[in-house]
>>> print(open('data_5.cif').read())   # mmCIF, C-alpha atoms
data_run
loop_
_atom_site.label_atom_id
_atom_site.label_comp_id
_atom_site.auth_asym_id
_atom_site.auth_seq_id
_atom_site.Cartn_x
_atom_site.Cartn_y
_atom_site.Cartn_z
CA MET A 1 45.53 23.73 -11.64
CA ARG A 2 46.98 20.41 -10.59
CA THR A 3 46.44 17.18 -12.47
CA PRO A 4 44.51 14.29 -10.85
CA ALA A 5 47.81 12.44 -10.37
CA GLN A 6 49.23 15.36 -8.41
CA LEU A 7 46.05 15.58 -6.34
CA ALA A 8 46.42 11.88 -5.55
CA GLU A 9 49.96 12.60 -4.37
CA ILE A 10 48.67 15.27 -2.00
CA TRP A 11 46.14 12.76 -0.64
CA VAL A 12 48.88 10.15 -0.11
CA TYR A 13 50.97 12.76 1.71
CA LEU A 14 48.10 13.93 3.92
CA SER A 15 46.78 10.48 4.76
CA ALA A 16 50.22 9.55 6.15
CA SER A 17 50.32 12.54 8.53
CA PRO A 18 48.46 12.90 11.85
CA LEU A 19 47.09 16.30 10.74
CA LEU A 20 44.18 14.84 8.80
CA GLY A 21 42.91 12.46 11.52
CA LEU A 22 43.03 15.22 14.13
CA THR A 23 41.38 17.83 11.90
CA VAL A 24 38.50 15.63 10.73
CA THR A 25 37.82 14.59 14.35
CA LEU A 26 37.48 18.23 15.42
CA LEU A 27 35.43 19.15 12.33
CA ALA A 28 33.07 16.18 12.76
CA TYR A 29 32.62 16.99 16.44
CA GLN A 30 31.96 20.68 15.83
CA GLY A 31 29.39 19.78 13.20
CA ALA A 32 27.79 17.30 15.60
CA TRP A 33 27.84 19.88 18.42
CA TRP A 34 26.21 22.48 16.16
CA LEU A 35 23.43 20.03 15.22
CA SER A 36 22.97 19.01 18.85
CA LYS A 37 22.72 22.68 19.89
CA ARG A 38 20.19 23.42 17.14
CA ALA A 39 18.14 20.50 18.50
CA GLY A 40 18.14 22.25 21.91
CA PHE A 41 20.57 19.60 23.30
CA HIS A 42 17.85 17.00 22.92
CA PRO A 43 19.27 13.66 24.18
CA LEU A 44 18.57 11.92 20.85
CA ALA A 45 20.91 14.35 19.04
CA ASN A 46 23.92 12.98 20.95
CA PRO A 47 27.17 14.61 19.73
CA VAL A 48 29.32 11.46 20.22
CA LEU A 49 26.87 9.37 18.19
CA LEU A 50 26.64 11.93 15.36
CA ALA A 51 30.42 12.51 15.17
CA VAL A 52 31.27 8.78 15.27
CA ALA A 53 28.70 8.01 12.55
CA ALA A 54 30.07 10.77 10.29
CA LEU A 55 33.69 9.65 10.78
CA VAL A 56 32.98 5.93 10.23
CA LEU A 57 31.19 6.86 7.00
CA LEU A 58 34.08 9.09 5.88
CA LEU A 59 36.78 6.49 6.66
CA THR A 60 34.79 3.70 4.98
CA LEU A 61 34.16 5.78 1.84
CA THR A 62 37.84 6.84 1.53
CA GLY A 63 39.12 3.35 2.41
CA THR A 64 41.20 4.74 5.30
CA PRO A 65 42.20 2.16 7.94
CA TYR A 66 41.29 2.92 11.57
CA ALA A 67 44.98 2.78 12.62
CA THR A 68 45.85 5.59 10.17
CA TYR A 69 42.99 7.71 11.49
CA PHE A 70 43.96 7.02 15.11
CA ASP A 71 47.53 8.28 14.50
CA GLY A 72 46.01 11.76 14.42
CA ALA A 73 43.00 11.27 16.66
CA GLN A 74 45.14 9.96 19.54
CA PHE A 75 45.93 13.55 20.53
CA VAL A 76 42.24 14.03 21.36
CA HIS A 77 42.02 10.55 22.96
CA PHE A 78 44.97 11.44 25.21
CA LEU A 79 43.04 14.32 26.83
CA LEU A 80 40.70 11.78 28.51
CA GLY A 81 43.36 11.44 31.24
CA PRO A 82 43.62 15.14 32.24
CA ALA A 83 39.82 15.51 31.83
CA THR A 84 39.29 12.69 34.36
CA VAL A 85 41.64 14.46 36.79
CA ALA A 86 39.70 17.71 36.19
CA LEU A 87 36.53 16.05 37.55
CA ALA A 88 38.03 16.77 41.00
CA ILE A 89 36.96 20.43 40.63
CA PRO A 90 33.15 19.99 40.29
CA LEU A 91 33.45 17.23 42.88
CA TYR A 92 34.97 19.75 45.29
CA THR A 93 32.25 22.33 44.55
CA GLN A 94 29.46 19.81 45.25
CA TRP A 95 31.17 18.21 48.26
CA PRO A 96 28.73 19.39 51.02
CA LYS A 97 25.74 17.83 49.22
CA LEU A 98 27.72 14.68 48.36
CA ARG A 99 28.70 14.18 51.97
CA ALA A 100 25.16 14.64 53.21
CA MET A 101 24.01 11.87 50.82
CA ALA A 102 26.97 9.49 51.36
CA GLY A 103 24.96 6.51 52.68
CA PRO A 104 22.26 6.46 49.97
CA LEU A 105 24.89 7.11 47.27
CA LEU A 106 26.91 4.08 48.34
CA ALA A 107 23.83 1.84 48.38
CA GLY A 108 22.77 3.13 44.94
CA LEU A 109 26.28 2.49 43.64
CA VAL A 110 26.37 -1.14 44.80
CA ALA A 111 22.83 -1.85 43.49
CA GLY A 112 23.59 -0.19 40.13
CA SER A 113 26.98 -1.80 39.67
CA LEU A 114 25.62 -5.31 40.33
CA THR A 115 22.65 -4.67 38.01
CA ALA A 116 24.96 -3.46 35.22
CA THR A 117 27.14 -6.58 35.19
CA VAL A 118 24.60 -9.29 36.02
CA SER A 119 21.85 -8.04 33.69
CA ALA A 120 24.23 -7.54 30.74
CA VAL A 121 25.60 -11.09 31.01
CA ALA A 122 22.18 -12.65 31.72
CA ILE A 123 20.39 -10.91 28.83
CA GLY A 124 23.28 -11.66 26.46
CA LYS A 125 23.17 -15.34 27.46
CA LEU A 126 19.39 -15.45 27.06
CA PHE A 127 19.73 -14.20 23.47
CA GLY A 128 22.58 -16.61 22.70
CA ALA A 129 25.74 -14.45 22.72
CA SER A 130 29.07 -16.30 22.44
CA GLU A 131 31.20 -16.72 25.56
CA ALA A 132 33.82 -14.23 24.35
CA SER A 133 31.08 -11.64 23.86
CA LEU A 134 29.55 -12.34 27.29
CA LEU A 135 32.90 -11.83 29.01
CA SER A 136 33.45 -8.65 27.00
CA LEU A 137 30.00 -7.38 28.07
CA ALA A 138 30.53 -7.81 31.83
CA PRO A 139 32.49 -4.56 32.48
CA LYS A 140 30.60 -2.46 29.90
CA SER A 141 29.37 0.26 32.29
CA VAL A 142 32.80 1.57 33.36
CA THR A 143 35.16 3.96 31.65
CA THR A 144 37.12 2.56 28.65
CA PRO A 145 40.65 1.91 30.03
CA ILE A 146 39.38 0.11 33.17
CA ALA A 147 36.79 -1.89 31.25
CA MET A 148 39.46 -3.05 28.81
CA GLY A 149 41.73 -4.08 31.70
CA ILE A 150 38.92 -6.08 33.34
CA ALA A 151 37.96 -7.77 30.05
CA GLU A 152 41.54 -8.85 29.55
CA ARG A 153 41.74 -10.33 33.05
CA ILE A 154 38.55 -12.41 32.74
CA GLY A 155 39.19 -13.61 29.17
CA GLY A 156 37.06 -11.22 27.09
CA LEU A 157 38.18 -9.22 24.04
CA PRO A 158 39.45 -5.79 25.18
CA SER A 159 38.91 -4.03 21.84
CA LEU A 160 35.32 -5.35 21.62
CA THR A 161 34.77 -4.18 25.20
CA ALA A 162 35.87 -0.66 24.17
CA VAL A 163 33.12 -0.57 21.52
CA LEU A 164 30.50 -1.97 23.96
CA VAL A 165 31.55 0.63 26.56
CA ILE A 166 31.13 3.54 24.12
CA THR A 167 27.77 2.18 22.91
CA THR A 168 26.58 1.81 26.52
CA GLY A 169 27.63 5.41 27.16
CA ILE A 170 25.67 6.70 24.17
CA LEU A 171 22.62 4.57 25.05
CA GLY A 172 22.58 5.93 28.60
CA ALA A 173 23.03 9.53 27.45
CA VAL A 174 20.21 9.15 24.92
CA SER A 175 17.71 7.31 27.14
CA ALA A 176 18.22 8.68 30.69
CA ARG A 177 15.82 11.62 30.37
CA PHE A 178 12.96 9.34 29.27
CA ILE A 179 13.58 6.88 32.13
CA TYR A 180 13.60 9.74 34.67
CA GLN A 181 10.40 11.16 33.23
CA ALA A 182 8.69 7.76 33.39
CA LEU A 183 9.81 7.20 37.00
CA GLY A 184 9.17 10.80 38.10
CA ILE A 185 12.78 11.49 39.18
CA ALA A 186 13.53 15.23 39.26
CA ASP A 187 16.52 15.69 41.62
CA HIS A 188 19.63 16.52 39.58
CA ALA A 189 21.87 14.81 42.12
CA VAL A 190 19.98 11.50 41.69
CA ARG A 191 19.77 11.93 37.91
CA GLY A 192 23.49 12.63 37.60
CA PHE A 193 24.57 9.78 39.88
CA ALA A 194 22.47 7.13 38.12
CA ILE A 195 23.66 8.07 34.63
CA GLY A 196 27.27 8.07 35.88
CA VAL A 197 26.97 4.53 37.30
CA ALA A 198 25.35 3.19 34.10
CA SER A 199 27.24 5.06 31.39
CA HIS A 200 30.55 6.48 32.70
CA GLY A 201 32.12 9.47 30.95
CA ILE A 202 29.66 9.82 28.06
CA GLY A 203 26.84 9.88 30.61
CA THR A 204 28.86 12.44 32.57
CA ALA A 205 29.32 14.59 29.46
CA ARG A 206 25.54 14.49 28.99
CA ALA A 207 24.95 15.32 32.67
CA PHE A 208 27.17 18.43 32.38
CA GLN A 209 24.92 19.61 29.50
CA VAL A 210 22.01 19.50 31.96
CA SER A 211 23.60 21.12 35.05
CA GLU A 212 26.88 21.35 36.96
CA GLN A 213 25.34 19.51 39.89
CA ALA A 214 24.25 16.58 37.71
CA GLY A 215 27.74 16.56 36.14
CA ALA A 216 29.56 16.46 39.48
CA PHE A 217 27.41 13.60 40.81
CA SER A 218 27.86 11.73 37.54
CA GLY A 219 31.64 12.17 37.63
CA LEU A 220 31.74 10.84 41.18
CA ALA A 221 29.56 7.84 40.25
CA MET A 222 31.81 7.08 37.28
CA GLY A 223 34.95 7.07 39.44
CA LEU A 224 33.38 4.97 42.21
CA ASN A 225 31.84 2.47 39.81
CA ALA A 226 35.20 2.04 38.05
CA LEU A 227 36.72 1.06 41.38
CA LEU A 228 33.85 -1.22 42.45
CA THR A 229 33.53 -2.98 39.07
CA ALA A 230 37.27 -3.65 38.91
CA LEU A 231 36.97 -5.43 42.27
CA LEU A 232 33.56 -7.10 41.71
CA VAL A 233 33.59 -8.48 38.16
CA PRO A 234 36.51 -10.92 38.60
CA LEU A 235 34.65 -12.33 41.66
CA LEU A 236 31.23 -12.36 39.97
CA ILE A 237 32.19 -14.12 36.73
CA PRO A 238 32.82 -17.60 38.27
CA LEU A 239 29.47 -17.33 40.12
CA LEU A 240 27.64 -16.27 36.97
CA ARG A 241 29.20 -19.18 35.06
CA ASN A 242 27.74 -21.72 37.51
CA TRP A 243 24.40 -20.03 37.56
CA LEU A 244 23.86 -19.51 33.82
CA MET B 1 45.45 27.86 31.08
CA LEU B 2 49.01 26.52 30.78
CA GLY B 3 49.55 26.44 34.53
CA ALA B 4 46.24 24.65 35.09
CA LEU B 5 46.94 22.10 32.35
CA THR B 6 50.34 21.41 33.96
CA ILE B 7 48.66 20.82 37.34
CA LEU B 8 46.22 18.32 35.75
CA LEU B 9 49.05 16.47 33.98
CA VAL B 10 51.23 16.37 37.12
CA PHE B 11 48.37 14.82 39.12
CA GLN B 12 47.71 12.31 36.33
CA LEU B 13 51.39 11.41 36.28
CA ILE B 14 51.48 10.88 40.07
CA GLY B 15 48.33 8.73 39.73
CA GLU B 16 49.84 6.62 36.94
CA VAL B 17 53.07 6.07 38.89
CA LEU B 18 51.17 5.02 42.04
CA ALA B 19 48.91 2.68 40.01
CA GLN B 20 51.93 0.98 38.42
CA LEU B 21 53.98 0.92 41.62
CA PHE B 22 51.31 -0.77 43.73
CA ALA B 23 49.58 -2.69 40.86
CA LEU B 24 46.26 -1.00 41.75
CA PRO B 25 43.05 -2.03 39.92
CA VAL B 26 42.13 1.68 39.47
CA PRO B 27 43.60 3.61 36.53
CA GLY B 28 46.06 6.44 37.09
CA PRO B 29 43.74 9.34 36.12
CA VAL B 30 41.11 8.26 38.70
CA ILE B 31 43.82 8.21 41.41
CA GLY B 32 44.97 11.61 40.12
CA MET B 33 41.39 12.89 40.49
CA ALA B 34 41.23 11.69 44.11
CA LEU B 35 44.62 13.29 44.91
CA LEU B 36 43.67 16.61 43.29
CA PHE B 37 40.43 16.56 45.26
CA ALA B 38 42.43 16.07 48.50
CA ALA B 39 44.77 18.91 47.50
CA LEU B 40 41.79 21.22 46.83
CA ALA B 41 40.29 20.35 50.22
CA LEU B 42 43.60 21.18 51.96
CA ARG B 43 44.10 24.40 50.00
CA GLY B 44 40.48 25.55 50.31
CA GLY B 45 39.36 25.41 46.68
CA PRO B 46 40.70 25.74 43.11
CA SER B 47 42.22 28.92 41.65
CA ALA B 48 40.07 30.78 39.11
CA GLU B 49 42.44 29.61 36.37
CA LEU B 50 42.13 25.93 37.31
CA ARG B 51 38.34 26.25 37.57
CA ASP B 52 38.08 27.82 34.08
CA THR B 53 40.38 25.25 32.46
CA ALA B 54 38.49 22.34 34.05
CA GLN B 55 35.19 23.82 32.92
CA ASN B 56 36.45 24.20 29.32
CA LEU B 57 37.78 20.64 29.25
CA LEU B 58 34.64 19.10 30.81
CA GLN B 59 32.26 21.09 28.61
CA HIS B 60 33.55 19.13 25.63
CA LEU B 61 34.12 15.81 27.40
CA SER B 62 32.06 14.10 24.65
CA LEU B 63 34.69 14.99 22.03
CA LEU B 64 37.31 12.91 23.84
CA PHE B 65 35.31 9.68 23.34
CA VAL B 66 35.01 10.11 19.57
CA PRO B 67 38.37 8.51 18.54
CA ALA B 68 37.70 5.33 20.58
CA GLY B 69 34.09 5.24 19.34
CA VAL B 70 35.22 5.21 15.70
CA GLY B 71 36.92 1.90 16.64
CA VAL B 72 33.48 0.32 16.14
CA MET B 73 34.53 -0.12 12.49
CA LEU B 74 37.05 -2.80 13.55
CA HIS B 75 34.23 -4.98 14.91
CA PHE B 76 31.59 -4.79 12.19
CA GLY B 77 32.03 -8.56 11.55
CA ARG B 78 31.29 -9.79 15.07
CA ILE B 79 28.60 -7.17 15.59
CA GLY B 80 26.90 -8.34 12.39
CA ASP B 81 26.95 -11.97 13.59
CA GLU B 82 25.79 -11.24 17.14
CA TRP B 83 23.86 -8.00 16.79
CA LEU B 84 20.71 -9.25 18.50
CA PRO B 85 22.22 -10.55 21.79
CA LEU B 86 24.63 -7.61 21.98
CA ALA B 87 21.92 -5.00 21.32
CA ALA B 88 19.47 -6.65 23.75
CA ALA B 89 22.13 -6.90 26.48
CA LEU B 90 23.31 -3.30 26.07
CA VAL B 91 19.87 -1.69 25.83
CA GLY B 92 18.27 -3.84 28.55
CA SER B 93 21.17 -3.57 30.97
CA THR B 94 21.69 0.19 30.50
CA LEU B 95 18.00 1.01 31.08
CA LEU B 96 17.83 -1.32 34.11
CA THR B 97 21.02 0.08 35.65
CA ILE B 98 19.85 3.70 35.39
CA ALA B 99 16.39 2.83 36.78
CA VAL B 100 17.67 0.65 39.68
CA THR B 101 20.36 3.16 40.74
CA ALA B 102 17.95 6.11 40.62
CA LEU B 103 15.16 4.30 42.47
CA VAL B 104 17.42 2.96 45.26
CA LEU B 105 19.03 6.38 45.68
CA ARG B 106 15.69 8.22 45.77
CA ALA B 107 14.09 5.77 48.21
CA LEU B 108 17.04 5.91 50.64
CA SER B 109 17.57 9.67 50.49
CA ARG B 110 13.85 10.21 51.18
CA ARG B 111 14.15 7.93 54.18
CA ALA B 112 17.23 9.82 55.40
CA GLU B 113 15.37 13.15 55.03
CA ALA B 114 12.33 11.78 56.89
CA ALA B 115 14.58 10.53 59.72
CA GLU B 116 16.11 14.00 60.08
CA LYS B 117 12.74 15.67 60.54
#
>>> encode(input="data_5.cif", output="structure tokens")
Amino acid sequence: MRTPAQLAEIWVYLSASPLLGLTVTLLAYQGAWWLSKRAGFHPLANPVLLAVAALVLLLTLTGTPYATYFDGAQFVHFLLGPATVALAIPLYTQWPKLRAMAGPLLAGLVAGSLTATVSAVAIGKLFGASEASLLSLAPKSVTTPIAMGIAERIGGLPSLTAVLVITTGILGAVSARFIYQALGIADHAVRGFAIGVASHGIGTARAFQVSEQAGAFSGLAMGLNALLTALLVPLLIPLLRNWL
Amino acid sequence: MLGALTILLVFQLIGEVLAQLFALPVPGPVIGMALLFAALALRGGPSAELRDTAQNLLQHLSLLFVPAGVGVMLHFGRIGDEWLPLAAALVGSTLLTIAVTALVLRALSRRAEAAEK
């Protein structure tokens, strides 16, 4: 049996290697996935939310800095790129239906994208958020790397934007089903597209849990909204400034 | 599996290079997605291998957001100071965006269907 001092040495060794950050990420996610599955994939048992909460608790309790954790977790983070490219496959499968709905989809996209930016900034202002926070809120409905790029360009805080983006994703994934039930929206194409506009990849992950059709429409909405928001927000911010 | 992963990475790489080269506002992976879609349309669909790999990757898309989500711990200070405006803006805006997008889309696709009949 090793002495406590030797155990501490093992801890020092492990906490300096990427192995630990990567392993705890996968363990936390599998635990969260198991819980979510046991809850019948109920939207409130969101796997991202559960895994993030468990990891934040673990890192806080062990006094591990985020940068140390991310050294290992970056291997998982990296896969976001190839996963985004892979969205082309469900998009291809659903193409006939997408093309038939092209006009309404485009109108829904523009309405949703404008609502996302304007309402976030307006509500934040109404409740007295600081200017840096308001600018970081503006691109919160699009996928992390683009949102961070937009925040930087308009004078927000990119790393705060990343957190707001993830929170928006979780909120959309958790609440969408209840909104659709209240509004009586049953079509999986409409359901998928709306969650993709509002909450990017985390909404898309949720949509794939529901059906492949919802997932494909969500993936498309996420890609289109990324493009539209990147073009719109830098134009909208000066207008919003005058108006607020 | 390996072949399919290579295809995804090659398309991402082409996307990143194009994004940098032409200073595009869209990130490389989204351009890669569009290019792969065009390639699939030309070729007449994905191979079984590519379809399986994509399905595996997308089934656990949630996992890939976990590392960035843990970054919330860097912002506990600001979130503590401004929790009310931030929470109100995020909750209000997310619910509104989902509702507005879904309602506009449903209203217009119903009108398109009615026009066809």
>>> residues_around(input="data_5.cif", residues="range 90-93 of chain A", least_positions_apart="5", cutoff="9 Å", atoms="all atoms listed in the file", output="list in words")
Leu98, Glu212, Gln213, Gly215, Ala216, Phe217, Gly219 and Leu220 of chain A; Phe37, Ala38, Leu40, Ala41, Gly45, Pro46, Arg51, Ala54 and Gln55 of chain B
>>> resolve_selection(input="data_5.cif", expression="the PyMOL selection byres ((chain B) within 7 of (chain A))", output="VMD selection string")
chain B and resid 8 to 9 12 25 to 27 29 to 30 32 to 34 36 to 37 46 51 54 57 to 59 61 to 67 69 to 73 75 82 85 to 86 88 to 91 93 to 94 97 to 102 104 to 106 108 to 109
>>> write_last_selection(input="data_5.cif", atoms="C-alpha atoms", output="compact mmCIF listing (two decimals), in the coordinates of the input")
# COMPACT_ATOMS: atom_id res chain seq x y z
CA LEU B 8 46.22 18.32 35.75
CA LEU B 9 49.05 16.47 33.98
CA GLN B 12 47.71 12.31 36.33
CA PRO B 25 43.05 -2.03 39.92
CA VAL B 26 42.13 1.68 39.47
CA PRO B 27 43.60 3.61 36.53
CA PRO B 29 43.74 9.34 36.12
CA VAL B 30 41.11 8.26 38.70
CA GLY B 32 44.97 11.61 40.12
CA MET B 33 41.39 12.89 40.49
CA ALA B 34 41.23 11.69 44.11
CA LEU B 36 43.67 16.61 43.29
CA PHE B 37 40.43 16.56 45.26
CA PRO B 46 40.70 25.74 43.11
CA ARG B 51 38.34 26.25 37.57
CA ALA B 54 38.49 22.34 34.05
CA LEU B 57 37.78 20.64 29.25
CA LEU B 58 34.64 19.10 30.81
CA GLN B 59 32.26 21.09 28.61
CA LEU B 61 34.12 15.81 27.40
CA SER B 62 32.06 14.10 24.65
CA LEU B 63 34.69 14.99 22.03
CA LEU B 64 37.31 12.91 23.84
CA PHE B 65 35.31 9.68 23.34
CA VAL B 66 35.01 10.11 19.57
CA PRO B 67 38.37 8.51 18.54
CA GLY B 69 34.09 5.24 19.34
CA VAL B 70 35.22 5.21 15.70
CA GLY B 71 36.92 1.90 16.64
CA VAL B 72 33.48 0.32 16.14
CA MET B 73 34.53 -0.12 12.49
CA HIS B 75 34.23 -4.98 14.91
CA GLU B 82 25.79 -11.24 17.14
CA PRO B 85 22.22 -10.55 21.79
CA LEU B 86 24.63 -7.61 21.98
CA ALA B 88 19.47 -6.65 23.75
CA ALA B 89 22.13 -6.90 26.48
CA LEU B 90 23.31 -3.30 26.07
CA VAL B 91 19.87 -1.69 25.83
CA SER B 93 21.17 -3.57 30.97
CA THR B 94 21.69 0.19 30.50
CA THR B 97 21.02 0.08 35.65
CA ILE B 98 19.85 3.70 35.39
CA ALA B 99 16.39 2.83 36.78
CA VAL B 100 17.67 0.65 39.68
CA THR B 101 20.36 3.16 40.74
CA ALA B 102 17.95 6.11 40.62
CA VAL B 104 17.42 2.96 45.26
CA LEU B 105 19.03 6.38 45.68
CA ARG B 106 15.69 8.22 45.77
CA LEU B 108 17.04 5.91 50.64
CA SER B 109 17.57 9.67 50.49
>>> resolve_selection(input="data_5.cif", expression="the PyMOL selection byres ((chain B and resi 15) around 7)", output="VMD selection string")
chain B and resid 11 to 14 16 to 19 28 to 29 31 to 32
>>> atom_distance(input="data_5.cif", atom1="CA of Asp71 in chain A", atom2="CA of Pro18 in chain A")
5.4 Å
>>> atom_distance(input="data_5.cif", atom1="CA of Asn225 in chain A", atom2="CA of Glu131 in chain A")
23.9 Å
